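With mmCIF, C-alpha atoms and all ligand atoms inside, this is work_25.cif:
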data_query
#
loop_
_atom_site.label_atom_id
_atom_site.label_comp_id
_atom_site.auth_asym_id
_atom_site.auth_seq_id
_atom_site.Cartn_x
_atom_site.Cartn_y
_atom_site.Cartn_z
CA MET A 9 133.66 35.28 109.81
CA SER A 10 130.86 36.29 112.20
CA SER A 11 127.27 35.92 110.98
CA LYS A 12 124.73 38.66 111.74
CA PRO A 13 122.63 38.08 114.88
CA LEU A 14 119.02 37.06 114.29
CA ARG A 15 116.66 40.01 114.80
CA ILE A 16 113.56 38.90 116.67
CA LEU A 17 110.48 41.06 117.20
CA ILE A 18 108.01 39.98 119.91
CA LEU A 19 104.53 41.49 120.32
CA GLY A 20 102.60 41.24 123.61
CA GLY A 21 105.93 41.63 125.36
CA ARG A 22 104.28 42.33 128.74
CA GLY A 23 102.14 39.18 128.64
CA GLY A 24 102.94 35.91 130.41
CA LEU A 25 104.29 34.16 127.33
CA GLY A 26 105.71 37.32 125.76
CA LYS A 27 107.99 37.88 128.76
CA ALA A 28 109.17 34.25 128.82
CA LEU A 29 109.91 34.31 125.09
CA THR A 30 111.77 37.61 125.40
CA ARG A 31 114.00 36.25 128.16
CA ARG A 32 114.78 33.01 126.32
CA LEU A 33 115.27 34.45 122.85
CA GLU A 34 117.69 37.09 124.12
CA GLY A 35 120.08 34.11 124.28
CA ILE A 36 120.01 33.61 120.52
CA GLY A 37 119.55 37.00 118.93
CA GLU A 38 118.74 40.71 119.12
CA VAL A 39 115.29 40.89 120.65
CA THR A 40 112.88 43.80 120.41
CA SER A 41 109.84 43.33 122.64
CA TRP A 42 106.79 45.52 122.02
CA SER A 43 103.92 46.15 124.40
CA ARG A 44 100.49 47.50 123.52
CA ALA A 45 101.93 51.01 124.03
CA ASP A 46 104.40 50.36 121.20
CA LEU A 47 101.79 48.90 118.85
CA ASP A 48 98.10 48.70 119.66
CA LEU A 49 96.91 45.83 117.48
CA SER A 50 93.37 47.17 117.38
CA GLN A 51 94.75 50.11 115.36
CA LEU A 52 94.97 48.08 112.18
CA ASP A 53 96.35 50.84 110.00
CA LEU A 54 99.38 51.25 112.26
CA ILE A 55 100.52 47.66 111.79
CA ALA A 56 102.15 47.74 108.35
CA PRO A 57 104.01 51.08 108.81
CA LYS A 58 105.32 50.03 112.25
CA LEU A 59 106.58 46.67 110.97
CA GLU A 60 108.09 48.20 107.84
CA ALA A 61 110.05 50.69 109.98
CA GLN A 62 111.42 47.97 112.31
CA PRO A 63 114.18 45.68 111.06
CA PHE A 64 113.48 42.05 112.02
CA ASP A 65 113.96 38.50 110.73
CA VAL A 66 111.36 36.72 112.85
CA LEU A 67 108.09 38.06 114.25
CA LEU A 68 106.35 36.31 117.17
CA ASN A 69 102.80 37.16 118.12
CA PRO A 70 101.74 35.95 121.57
CA ALA A 71 99.65 39.15 121.94
CA GLY A 72 95.92 38.82 121.90
CA MET A 73 92.70 39.10 123.86
CA THR A 74 93.19 35.97 125.93
CA SER A 75 90.31 35.95 128.41
CA PRO A 76 87.26 34.04 127.12
CA ASP A 77 84.95 36.10 129.33
CA VAL A 78 86.37 39.44 128.14
CA CYS A 79 86.12 38.27 124.50
CA GLU A 80 82.47 37.40 125.10
CA ALA A 81 81.84 40.88 126.53
CA GLN A 82 83.78 42.74 123.81
CA PRO A 83 83.25 40.64 120.67
CA GLU A 84 84.19 43.32 118.13
CA LEU A 85 87.45 44.22 119.83
CA ALA A 86 88.26 40.49 120.12
CA CYS A 87 87.80 40.13 116.34
CA LEU A 88 90.07 43.11 115.68
CA VAL A 89 92.88 41.87 117.93
CA ASN A 90 92.60 38.09 117.43
CA VAL A 91 91.62 37.97 113.74
CA ASP A 92 92.17 41.17 111.77
CA ALA A 93 95.49 42.15 113.36
CA PRO A 94 97.14 38.70 112.92
CA GLU A 95 96.01 38.71 109.30
CA ARG A 96 97.79 42.07 108.77
CA LEU A 97 100.90 40.78 110.58
CA ALA A 98 100.96 37.66 108.40
CA ALA A 99 100.47 39.65 105.19
CA CYS A 100 103.34 41.98 106.15
CA CYS A 101 105.68 39.08 106.93
CA GLN A 102 104.74 37.43 103.65
CA ARG A 103 105.45 40.64 101.73
CA LEU A 104 108.72 41.32 103.55
CA GLY A 105 109.88 37.69 103.41
CA ARG A 106 110.15 37.29 107.21
CA ARG A 107 109.29 34.34 109.45
CA PHE A 108 106.02 34.63 111.38
CA ILE A 109 105.07 32.60 114.46
CA HIS A 110 101.54 33.20 115.70
CA PHE A 111 100.12 31.71 118.92
CA SER A 112 96.77 30.00 119.21
CA THR A 113 94.95 27.77 121.66
CA ASP A 114 93.52 24.35 122.52
CA TYR A 115 90.17 26.21 122.77
CA VAL A 116 89.80 25.92 118.98
CA PHE A 117 88.45 22.41 119.76
CA ASP A 118 84.98 21.72 121.12
CA GLY A 119 86.37 19.48 123.87
CA SER A 120 84.04 16.60 123.11
CA LYS A 121 86.60 13.76 123.14
CA THR A 122 88.85 12.60 125.94
CA SER A 123 91.65 11.26 123.69
CA THR A 124 94.22 13.79 122.46
CA TRP A 125 93.51 16.19 119.60
CA SER A 126 95.78 16.23 116.55
CA GLU A 127 96.39 19.09 114.10
CA ASP A 128 94.21 17.20 111.59
CA ASP A 129 91.16 17.09 113.84
CA SER A 130 88.33 19.41 112.96
CA THR A 131 87.88 22.52 115.04
CA ASP A 132 84.59 23.76 116.46
CA PRO A 133 85.14 26.36 119.19
CA VAL A 134 82.45 26.75 121.84
CA ASN A 135 83.06 30.41 122.78
CA HIS A 136 83.90 33.71 121.09
CA TYR A 137 87.53 33.59 122.24
CA GLY A 138 87.99 30.18 120.56
CA LYS A 139 86.11 31.33 117.47
CA THR A 140 88.31 34.40 117.05
CA LYS A 141 91.49 32.38 117.67
CA ARG A 142 90.42 29.80 115.06
CA GLU A 143 89.47 32.51 112.59
CA GLY A 144 92.86 34.09 113.31
CA GLU A 145 94.61 30.82 112.42
CA LEU A 146 92.74 30.60 109.13
CA VAL A 147 93.38 34.17 108.01
CA VAL A 148 97.07 33.98 109.03
CA LEU A 149 97.63 30.83 106.99
CA ALA A 150 95.62 32.14 104.04
CA ALA A 151 97.71 35.35 103.97
CA PHE A 152 101.01 33.52 104.56
CA PRO A 153 101.01 29.70 104.24
CA GLN A 154 104.62 29.55 105.53
CA ALA A 155 103.54 31.01 108.90
CA LEU A 156 103.73 28.78 111.97
CA VAL A 157 100.60 28.66 114.13
CA ALA A 158 101.63 27.37 117.56
CA ARG A 159 98.65 26.06 119.55
CA VAL A 160 99.39 26.06 123.30
CA SER A 161 97.39 25.17 126.43
CA TRP A 162 97.09 26.01 130.14
CA LEU A 163 100.25 28.07 130.50
CA PHE A 164 102.10 28.52 133.79
CA GLY A 165 105.35 30.29 134.55
CA PRO A 166 107.02 33.06 136.53
CA ASP A 167 105.66 35.97 134.53
CA LYS A 168 101.95 35.70 135.28
CA PRO A 169 100.19 33.99 138.21
CA SER A 170 98.21 30.94 137.08
CA HIS A 171 96.21 28.12 138.66
CA PRO A 172 99.01 26.42 140.68
CA ASP A 173 100.19 29.76 142.13
CA GLN A 174 96.64 30.65 143.17
CA ILE A 175 95.92 27.24 144.71
CA ILE A 176 99.13 27.32 146.77
CA ALA A 177 98.52 30.90 147.89
CA LYS A 178 94.99 30.03 149.02
CA ALA A 179 96.19 26.85 150.76
CA MET A 180 98.75 28.93 152.70
CA GLU A 181 95.97 31.29 153.79
CA GLY A 182 93.80 28.36 154.92
CA ASN A 183 91.00 28.99 152.41
CA ALA A 184 88.72 26.10 151.43
CA LEU A 185 89.84 24.96 147.98
CA THR A 186 87.69 23.91 145.03
CA ALA A 187 88.59 23.19 141.40
CA ILE A 188 86.87 21.77 138.34
CA ALA A 189 87.51 18.04 138.05
CA ASP A 190 85.84 17.17 134.73
CA LYS A 191 87.70 19.57 132.41
CA THR A 192 91.11 18.48 131.13
CA SER A 193 94.06 19.70 129.09
CA ALA A 194 97.88 19.77 129.27
CA PRO A 195 99.43 22.28 131.68
CA THR A 196 102.45 23.81 129.93
CA PHE A 197 105.49 25.60 131.37
CA THR A 198 106.29 28.81 129.46
CA HIS A 199 110.01 28.06 130.00
CA ASP A 200 109.72 24.72 128.13
CA LEU A 201 107.54 26.32 125.46
CA SER A 202 110.16 29.04 124.93
CA ASP A 203 112.83 26.35 124.48
CA TRP A 204 110.75 24.59 121.81
CA ILE A 205 110.12 27.88 120.01
CA THR A 206 113.85 28.62 120.11
CA LYS A 207 114.60 25.27 118.48
CA LEU A 208 111.91 25.84 115.87
CA ILE A 209 113.43 29.24 115.03
CA VAL A 210 117.06 28.14 114.95
CA ASP A 211 116.91 24.59 113.58
CA HIS A 212 113.56 24.30 111.78
CA PRO A 213 112.80 27.36 109.67
CA GLU A 214 110.78 25.13 107.33
CA VAL A 215 108.11 24.14 109.87
CA CYS A 216 104.79 25.85 109.18
CA GLY A 217 101.05 25.41 109.58
CA PRO A 218 99.28 24.47 112.82
CA LEU A 219 101.53 22.83 115.43
CA HIS A 220 100.63 21.66 118.94
CA LEU A 221 103.09 22.66 121.69
CA CYS A 222 102.35 21.49 125.23
CA ASN A 223 103.88 19.45 128.01
CA GLU A 224 103.20 15.70 128.03
CA GLY A 225 100.19 14.26 129.88
CA THR A 226 96.80 15.52 130.86
CA ALA A 227 95.15 16.91 133.99
CA SER A 228 91.94 18.36 135.32
CA TRP A 229 92.09 21.68 137.19
CA GLN A 230 91.71 19.65 140.39
CA GLU A 231 94.59 17.29 139.50
CA TRP A 232 96.78 20.23 138.47
CA GLY A 233 96.08 21.91 141.80
CA LEU A 234 96.64 18.73 143.85
CA GLU A 235 100.01 18.16 142.17
CA ALA A 236 100.98 21.76 142.96
CA LEU A 237 100.04 21.23 146.64
CA LYS A 238 102.01 17.96 146.78
CA ILE A 239 105.11 19.68 145.43
CA ALA A 240 104.61 22.69 147.74
CA GLU A 241 104.26 20.36 150.75
CA GLY A 242 107.50 18.63 149.73
CA MET A 243 109.17 22.05 149.62
CA GLY A 244 108.10 22.68 153.22
CA LEU A 245 105.69 25.54 152.41
CA PRO A 246 103.29 26.26 155.29
CA LEU A 247 100.09 24.89 153.74
CA GLN A 248 96.98 24.81 155.92
CA THR A 249 95.19 22.33 153.67
CA ASN A 250 96.16 19.82 151.03
CA SER A 251 92.75 18.87 149.70
CA ILE A 252 90.70 20.35 146.87
CA ARG A 253 86.96 19.74 146.63
CA PRO A 254 85.99 18.74 143.06
CA LEU A 255 83.54 20.89 141.10
CA LYS A 256 81.70 20.01 137.89
CA LEU A 257 82.15 22.28 134.86
CA ALA A 258 78.39 22.27 134.27
CA GLU A 259 77.75 23.50 137.82
CA SER A 260 80.38 26.25 137.86
CA THR A 261 78.81 29.68 137.95
CA PHE A 262 81.93 31.85 137.68
CA PHE A 263 82.48 31.56 133.89
CA LYS A 264 80.54 33.87 131.56
CA ALA A 265 81.72 32.15 128.37
CA ALA A 266 81.28 28.40 127.74
CA ARG A 267 84.41 26.28 128.19
CA PRO A 268 85.35 23.17 126.15
CA PRO A 269 85.67 20.15 128.50
CA HIS A 270 88.57 18.08 127.09
CA THR A 271 91.26 19.74 124.97
CA THR A 272 94.55 17.90 125.57
CA MET A 273 96.58 18.11 122.37
CA SER A 274 98.89 15.51 120.85
CA THR A 275 102.46 16.67 120.20
CA SER A 276 103.26 13.84 117.75
CA ARG A 277 103.70 16.29 114.86
CA LEU A 278 106.20 18.34 116.89
CA THR A 279 108.20 15.20 117.72
CA GLN A 280 108.06 13.90 114.17
CA LEU A 281 109.24 17.21 112.65
CA THR A 282 111.83 18.27 115.23
CA GLY A 283 112.65 15.33 117.51
CA ILE A 284 111.44 17.40 120.50
CA GLN A 285 109.73 15.25 123.13
CA PRO A 286 108.05 17.46 125.71
CA ARG A 287 108.55 16.32 129.30
CA ALA A 288 105.63 15.50 131.62
CA TRP A 289 103.77 18.52 132.97
CA GLN A 290 104.33 17.27 136.55
CA GLU A 291 108.12 17.42 136.10
CA ALA A 292 107.89 20.88 134.54
CA LEU A 293 105.63 22.06 137.38
CA ARG A 294 108.12 20.78 139.97
CA ASP A 295 110.93 22.73 138.31
CA TYR A 296 108.80 25.86 138.17
CA LEU A 297 107.67 25.73 141.81
CA HIS A 298 111.15 24.90 143.09
CA GLY A 299 112.33 28.10 141.43
CA LYS A 300 110.01 30.23 143.61
CA THR A 301 110.35 31.34 147.21
CA ALA A 302 107.60 31.03 149.86
CA LEU A 303 107.02 34.79 149.79
CA ALA A 304 106.36 34.65 146.08
CA PHE A 305 103.34 32.37 146.72
CA SER A 306 101.45 34.91 148.86
CA LEU A 307 98.16 36.25 147.55
CA PRO A 308 98.46 39.83 146.30
CA ARG A 309 97.09 42.42 148.81
CA SER A 310 94.68 45.06 147.54
N1 LIG B 401 97.56 31.55 129.13
C1 LIG B 401 97.07 30.39 128.71
O1 LIG B 401 96.80 29.48 129.51
C2 LIG B 401 96.86 30.14 127.24
C3 LIG B 401 96.21 28.97 126.85
C4 LIG B 401 96.03 28.73 125.49
C5 LIG B 401 96.49 29.63 124.55
N2 LIG B 401 97.10 30.77 124.95
C6 LIG B 401 97.54 31.71 123.92
O2 LIG B 401 98.92 32.00 124.13
C7 LIG B 401 99.20 33.36 123.79
C8 LIG B 401 99.85 34.07 124.97
O3 LIG B 401 99.01 33.99 126.09
P1 LIG B 401 99.38 34.72 127.46
O4 LIG B 401 98.83 33.90 128.56
O5 LIG B 401 100.80 35.11 127.46
O6 LIG B 401 98.47 36.02 127.32
P2 LIG B 401 98.51 37.35 128.18
O7 LIG B 401 99.37 37.19 129.38
O8 LIG B 401 97.09 37.75 128.35
O9 LIG B 401 99.25 38.35 127.21
C9 LIG B 401 98.61 38.84 126.07
C10 LIG B 401 99.24 40.15 125.73
O10 LIG B 401 98.53 40.70 124.61
C11 LIG B 401 98.50 42.08 124.78
N3 LIG B 401 97.39 42.72 124.07
C12 LIG B 401 96.07 42.61 124.30
N4 LIG B 401 95.39 43.44 123.50
C13 LIG B 401 96.33 44.09 122.76
C14 LIG B 401 96.26 45.09 121.76
N5 LIG B 401 95.09 45.62 121.37
N6 LIG B 401 97.42 45.51 121.21
C15 LIG B 401 98.61 45.03 121.61
N7 LIG B 401 98.74 44.10 122.56
C16 LIG B 401 97.60 43.63 123.12
C17 LIG B 401 98.32 42.30 126.28
O11 LIG B 401 98.78 43.58 126.56
P3 LIG B 401 98.53 44.32 127.96
O12 LIG B 401 99.59 43.74 128.85
O13 LIG B 401 98.71 45.75 127.65
O14 LIG B 401 97.13 43.95 128.36
C18 LIG B 401 99.18 41.19 126.86
O15 LIG B 401 100.47 41.64 127.16
C19 LIG B 401 97.86 33.95 123.34
O16 LIG B 401 97.78 33.86 121.94
C20 LIG B 401 96.83 33.04 123.96
O17 LIG B 401 95.63 33.02 123.19
C21 LIG B 401 97.30 31.05 126.28
#

Can the structure in the file be given as structure tokens, please?
Amino acid sequence: MSSKPLRILILGGRGGLGKALTRRLEGIGEVTSWSRADLDLSQLDLIAPKLEAQPFDVLLNPAGMTSPDVCEAQPELACLVNVDAPERLAACCQRLGRRFIHFSTDYVFDGSKTSTWSEDDSTDPVNHYGKTKREGELVVLAAFPQALVARVSWLFGPDKPSHPDQIIAKAMEGNALTAIADKTSAPTFTHDLSDWITKLIVDHPEVCGPLHLCNEGTASWQEWGLEALKIAEGMGLPLQTNSIRPLKLAESTFFKAARPPHTTMSTSRLTQLTGIQPRAWQEALRDYLHGKTALAFSLPRS
């Protein structure tokens, strides 16, 4: 007797994580991936009718206003998308009896300690993005305590250029490289993250509450970039430099919003609940970069 395929609805389907989740979850069920054009989360009154009209078993919400500087510049919109909309999504899933996985961030922490942060540590975000993401966690879990709030950090993957891609592209062009050396977290491959989410969906429907999901280890932006250059050099990419001058977070002038310095999260709860042991970020980064071609590292031309 064949069982019905799992129906999975993904919001933010054009985002970096949304695309990776869509690709991975197509292996386990019937996936519907919505972009902002399908459901604009700032239109709160559209949320319930759209979800009620769409058959699904599991809803994933990696959509959100994800740039700290944009959130600082548009605080009301950030509240709508990162707080009010997730609350509506959670309330709908609670009412309909569906699973809800919402994505949050290491930026809920103030970054004041260099040891890893656990789910039990108190949160104290330093910018509006972090504040809205934390508020979003609270309202989601108040509306639907069985929801899973997956906190992730420093994502990289094939669907959206991130720090290692940019460093390698600049090194190939011969630009002088700089990166912040006193801000740390855990770089995380969206491919690995999508595997963990798959396992949580298929094998662990009971897991709920805040849960940290990131690759093992910690890095500064400079260390993350240096590792990317080392791997790229090993791949024979035509780099014109392999050094990165360190910058201090306090001296950096390019951020509008404050950034928390140290936000590496512990994944002990994930391991304890599921047996998943995330691999080291360096190994994940090597796999990611080896999957790209030299052309794919070029800087985009305007
Ligand atoms: N990237 C990281 O390093 C990182 C680190 C920590 C936590 N996170 C969290 O992980 C999740 C996924 O991040 P990501 O990097 O994949 O983000 P992303 O690439 O910026 O994708 C976010 C998606 O949300 C969509 N969105 C924004 N406003 C919307 C609205 N009003 N209605 C509907 N959709 C809207 C965007 O749509 P458009 O394509 O139309 O703009 C975009 O596709 C987020 O919750 C983020 O806070 C990410």

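The space between atom CA of Met273 of chain A and atom CA of Ala81 of chain A spans 27.4 Å.
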
Report the closest atom pair, with its distance in Å rounded to one decimal, for each residue of chain A that has an atom no farther than 9 Å from ligand LIG 401 (chain B); count all atoms listed in the file, sort by chain and then rising residue number, and write it as JSON lines.
{"residue": "A:Leu19", "atom": "CA", "partner": "B:LIG401", "partner_atom": "N7", "distance": 6.7}
{"residue": "A:Gly20", "atom": "CA", "partner": "B:LIG401", "partner_atom": "C10", "distance": 4.1}
{"residue": "A:Gly21", "atom": "CA", "partner": "B:LIG401", "partner_atom": "O15", "distance": 5.7}
{"residue": "A:Arg22", "atom": "CA", "partner": "B:LIG401", "partner_atom": "O15", "distance": 4.2}
{"residue": "A:Gly23", "atom": "CA", "partner": "B:LIG401", "partner_atom": "O15", "distance": 3.3}
{"residue": "A:Gly24", "atom": "CA", "partner": "B:LIG401", "partner_atom": "O5", "distance": 3.7}
{"residue": "A:Leu25", "atom": "CA", "partner": "B:LIG401", "partner_atom": "O5", "distance": 3.6}
{"residue": "A:Gly26", "atom": "CA", "partner": "B:LIG401", "partner_atom": "O5", "distance": 5.6}
{"residue": "A:Lys27", "atom": "CA", "partner": "B:LIG401", "partner_atom": "O5", "distance": 7.8}
{"residue": "A:Ala28", "atom": "CA", "partner": "B:LIG401", "partner_atom": "O5", "distance": 8.5}
{"residue": "A:Trp42", "atom": "CA", "partner": "B:LIG401", "partner_atom": "N7", "distance": 8.2}
{"residue": "A:Ser43", "atom": "CA", "partner": "B:LIG401", "partner_atom": "N7", "distance": 5.9}
{"residue": "A:Arg44", "atom": "CA", "partner": "B:LIG401", "partner_atom": "C15", "distance": 3.6}
{"residue": "A:Ala45", "atom": "CA", "partner": "B:LIG401", "partner_atom": "O13", "distance": 7.2}
{"residue": "A:Asp46", "atom": "CA", "partner": "B:LIG401", "partner_atom": "C15", "distance": 7.9}
{"residue": "A:Leu47", "atom": "CA", "partner": "B:LIG401", "partner_atom": "C15", "distance": 5.7}
{"residue": "A:Asp48", "atom": "CA", "partner": "B:LIG401", "partner_atom": "N6", "distance": 3.6}
{"residue": "A:Leu49", "atom": "CA", "partner": "B:LIG401", "partner_atom": "N6", "distance": 3.8}
{"residue": "A:Ser50", "atom": "CA", "partner": "B:LIG401", "partner_atom": "N5", "distance": 4.6}
{"residue": "A:Gln51", "atom": "CA", "partner": "B:LIG401", "partner_atom": "N5", "distance": 7.5}
{"residue": "A:Asn69", "atom": "CA", "partner": "B:LIG401", "partner_atom": "O16", "distance": 7.1}
{"residue": "A:Pro70", "atom": "CA", "partner": "B:LIG401", "partner_atom": "C7", "distance": 4.3}
{"residue": "A:Ala71", "atom": "CA", "partner": "B:LIG401", "partner_atom": "O10", "distance": 3.3}
{"residue": "A:Gly72", "atom": "CA", "partner": "B:LIG401", "partner_atom": "O10", "distance": 4.2}
{"residue": "A:Met73", "atom": "CA", "partner": "B:LIG401", "partner_atom": "C12", "distance": 4.9}
{"residue": "A:Thr74", "atom": "CA", "partner": "B:LIG401", "partner_atom": "O17", "distance": 4.7}
{"residue": "A:Ser75", "atom": "CA", "partner": "B:LIG401", "partner_atom": "O8", "distance": 7.0}
{"residue": "A:Leu85", "atom": "CA", "partner": "B:LIG401", "partner_atom": "N5", "distance": 7.9}
{"residue": "A:Ala86", "atom": "CA", "partner": "B:LIG401", "partner_atom": "N4", "distance": 8.4}
{"residue": "A:Leu88", "atom": "CA", "partner": "B:LIG401", "partner_atom": "N5", "distance": 8.0}
{"residue": "A:Val89", "atom": "CA", "partner": "B:LIG401", "partner_atom": "N5", "distance": 5.5}
{"residue": "A:Asn90", "atom": "CA", "partner": "B:LIG401", "partner_atom": "O16", "distance": 8.1}
{"residue": "A:Ala93", "atom": "CA", "partner": "B:LIG401", "partner_atom": "N5", "distance": 8.7}
{"residue": "A:His110", "atom": "CA", "partner": "B:LIG401", "partner_atom": "O16", "distance": 7.3}
{"residue": "A:Phe111", "atom": "CA", "partner": "B:LIG401", "partner_atom": "O16", "distance": 4.4}
{"residue": "A:Ser112", "atom": "CA", "partner": "B:LIG401", "partner_atom": "O16", "distance": 4.8}
{"residue": "A:Thr113", "atom": "CA", "partner": "B:LIG401", "partner_atom": "C5", "distance": 3.8}
{"residue": "A:Asp114", "atom": "CA", "partner": "B:LIG401", "partner_atom": "C4", "distance": 5.9}
{"residue": "A:Tyr115", "atom": "CA", "partner": "B:LIG401", "partner_atom": "C4", "distance": 6.9}
{"residue": "A:Tyr137", "atom": "CA", "partner": "B:LIG401", "partner_atom": "O17", "distance": 8.2}
{"residue": "A:Gly138", "atom": "CA", "partner": "B:LIG401", "partner_atom": "O17", "distance": 8.6}
{"residue": "A:Lys141", "atom": "CA", "partner": "B:LIG401", "partner_atom": "O17", "distance": 6.9}
{"residue": "A:Ala158", "atom": "CA", "partner": "B:LIG401", "partner_atom": "O2", "distance": 8.5}
{"residue": "A:Arg159", "atom": "CA", "partner": "B:LIG401", "partner_atom": "C5", "distance": 6.5}
{"residue": "A:Val160", "atom": "CA", "partner": "B:LIG401", "partner_atom": "C5", "distance": 4.8}
{"residue": "A:Ser161", "atom": "CA", "partner": "B:LIG401", "partner_atom": "C4", "distance": 3.9}
{"residue": "A:Trp162", "atom": "CA", "partner": "B:LIG401", "partner_atom": "O1", "distance": 3.5}
{"residue": "A:Leu163", "atom": "CA", "partner": "B:LIG401", "partner_atom": "O1", "distance": 3.9}
{"residue": "A:Phe164", "atom": "CA", "partner": "B:LIG401", "partner_atom": "O1", "distance": 6.9}
{"residue": "A:Asp167", "atom": "CA", "partner": "B:LIG401", "partner_atom": "O7", "distance": 8.2}
{"residue": "A:Lys168", "atom": "CA", "partner": "B:LIG401", "partner_atom": "O7", "distance": 6.6}
{"residue": "A:Ser170", "atom": "CA", "partner": "B:LIG401", "partner_atom": "O1", "distance": 7.8}
{"residue": "A:Pro195", "atom": "CA", "partner": "B:LIG401", "partner_atom": "O1", "distance": 8.0}
{"residue": "A:Thr196", "atom": "CA", "partner": "B:LIG401", "partner_atom": "O1", "distance": 8.0}
{"residue": "A:Thr198", "atom": "CA", "partner": "B:LIG401", "partner_atom": "O5", "distance": 8.6}

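The residue that comes closest to Phe108 of chain A, out of A:Lys238, A:Arg96, A:Lys178, A:Lys12 and on the basis of only C-alpha atoms, is A:Arg96.
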
Taken to one decimal, the atom CA of Gly35 of chain A-atom CA of Ile16 of chain A distance is 11.1 Å

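With distances restricted to only C-alpha atoms, A:Leu297 is the closest residue to Gly244 of chain A from A:Trp229, A:Leu297, A:Leu156, A:Asn183.
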
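Here the question is which of A:Glu60, A:Asp211, A:Asp190, A:Asp200 gets nearest to Pro254 of chain A using all atoms listed in the file, and that residue is A:Asp190.
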
Given only C-alpha atoms as the basis, pick out the residue of A:Phe305, A:Phe262, A:Trp204, A:Tyr296 nearest to Leu281 of chain A.
A:Trp204

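For the pair atom CA of Leu149 of chain A and atom CA of Glu34 of chain A, the interatomic distance is 27.1 Å.
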
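Between Cys101 of chain A and the residues A:Gln154, A:Thr192, A:Asn135, A:Ser120, the shortest atom-to-atom distance, using all atoms listed in the file, involves A:Gln154.
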
Mind checking which residues fall within 12 Å of Arg294 of chain A, counting all atoms listed in the file, ignoring those fewer than 2 positions away in the same chain, and posting them as a PDB file with C-alpha atoms, in the frame of the given file?
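Written out: selection22.pdb:
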ATOM      1  CA  PHE A 164     102.100  28.520 133.790  1.00  0.00           C
ATOM      2  CA  GLY A 165     105.350  30.290 134.550  1.00  0.00           C
ATOM      3  CA  PRO A 172      99.010  26.420 140.680  1.00  0.00           C
ATOM      4  CA  THR A 196     102.450  23.810 129.930  1.00  0.00           C
ATOM      5  CA  PHE A 197     105.490  25.600 131.370  1.00  0.00           C
ATOM      6  CA  TRP A 232      96.780  20.230 138.470  1.00  0.00           C
ATOM      7  CA  GLU A 235     100.010  18.160 142.170  1.00  0.00           C
ATOM      8  CA  ALA A 236     100.980  21.760 142.960  1.00  0.00           C
ATOM      9  CA  LEU A 237     100.040  21.230 146.640  1.00  0.00           C
ATOM     10  CA  LYS A 238     102.010  17.960 146.780  1.00  0.00           C
ATOM     11  CA  ILE A 239     105.110  19.680 145.430  1.00  0.00           C
ATOM     12  CA  ALA A 240     104.610  22.690 147.740  1.00  0.00           C
ATOM     13  CA  GLU A 241     104.260  20.360 150.750  1.00  0.00           C
ATOM     14  CA  GLY A 242     107.500  18.630 149.730  1.00  0.00           C
ATOM     15  CA  MET A 243     109.170  22.050 149.620  1.00  0.00           C
ATOM     16  CA  ARG A 287     108.550  16.320 129.300  1.00  0.00           C
ATOM     17  CA  ALA A 288     105.630  15.500 131.620  1.00  0.00           C
ATOM     18  CA  TRP A 289     103.770  18.520 132.970  1.00  0.00           C
ATOM     19  CA  GLN A 290     104.330  17.270 136.550  1.00  0.00           C
ATOM     20  CA  GLU A 291     108.120  17.420 136.100  1.00  0.00           C
ATOM     21  CA  ALA A 292     107.890  20.880 134.540  1.00  0.00           C
ATOM     22  CA  TYR A 296     108.800  25.860 138.170  1.00  0.00           C
ATOM     23  CA  LEU A 297     107.670  25.730 141.810  1.00  0.00           C
ATOM     24  CA  HIS A 298     111.150  24.900 143.090  1.00  0.00           C
ATOM     25  CA  GLY A 299     112.330  28.100 141.430  1.00  0.00           C
ATOM     26  CA  LYS A 300     110.010  30.230 143.610  1.00  0.00           C
TER      27      LYS A 300
END

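Between Gln285 of chain A and the candidates A:His220, A:Arg32, A:Lys58, A:Lys191, the tightest atom-to-atom separation, counting all atoms listed in the file, involves A:His220.
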
From (112.4, 22.2, 122.0), in the file's coordinates, out to 9 Å: which residues are reached, counting all atoms listed in the file? Answer as number ranges by chain.
A: 200-208, 278, 282-286

Let me see the file: selected residues, C-alpha atoms, as a PDB file, keeping the file's coordinate frame.
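Contents of out24.pdb, freshly written:
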ATOM      1  CA  ASP A 200     109.720  24.720 128.130  1.00  0.00           C
ATOM      2  CA  LEU A 201     107.540  26.320 125.460  1.00  0.00           C
ATOM      3  CA  SER A 202     110.160  29.040 124.930  1.00  0.00           C
ATOM      4  CA  ASP A 203     112.830  26.350 124.480  1.00  0.00           C
ATOM      5  CA  TRP A 204     110.750  24.590 121.810  1.00  0.00           C
ATOM      6  CA  ILE A 205     110.120  27.880 120.010  1.00  0.00           C
ATOM      7  CA  THR A 206     113.850  28.620 120.110  1.00  0.00           C
ATOM      8  CA  LYS A 207     114.600  25.270 118.480  1.00  0.00           C
ATOM      9  CA  LEU A 208     111.910  25.840 115.870  1.00  0.00           C
ATOM     10  CA  LEU A 278     106.200  18.340 116.890  1.00  0.00           C
ATOM     11  CA  THR A 282     111.830  18.270 115.230  1.00  0.00           C
ATOM     12  CA  GLY A 283     112.650  15.330 117.510  1.00  0.00           C
ATOM     13  CA  ILE A 284     111.440  17.400 120.500  1.00  0.00           C
ATOM     14  CA  GLN A 285     109.730  15.250 123.130  1.00  0.00           C
ATOM     15  CA  PRO A 286     108.050  17.460 125.710  1.00  0.00           C
TER      16      PRO A 286
END

I'd like the contact shell of Thr124 of chain A - 8 Å cut-off, all atoms listed in the file, skipping same-chain residues fewer than 5 positions apart - returned as JSON, numbers by chain.
{"A": [271, 272, 273, 274]}

Those same residues - C-alpha atoms - I'd like them written as a short mmCIF file (atom, residue, chain, number, x, y, z; two decimals), keeping the file's coordinate frame.
data_model
loop_
_atom_site.label_atom_id
_atom_site.label_comp_id
_atom_site.auth_asym_id
_atom_site.auth_seq_id
_atom_site.Cartn_x
_atom_site.Cartn_y
_atom_site.Cartn_z
CA THR A 271 91.26 19.74 124.97
CA THR A 272 94.55 17.90 125.57
CA MET A 273 96.58 18.11 122.37
CA SER A 274 98.89 15.51 120.85
#
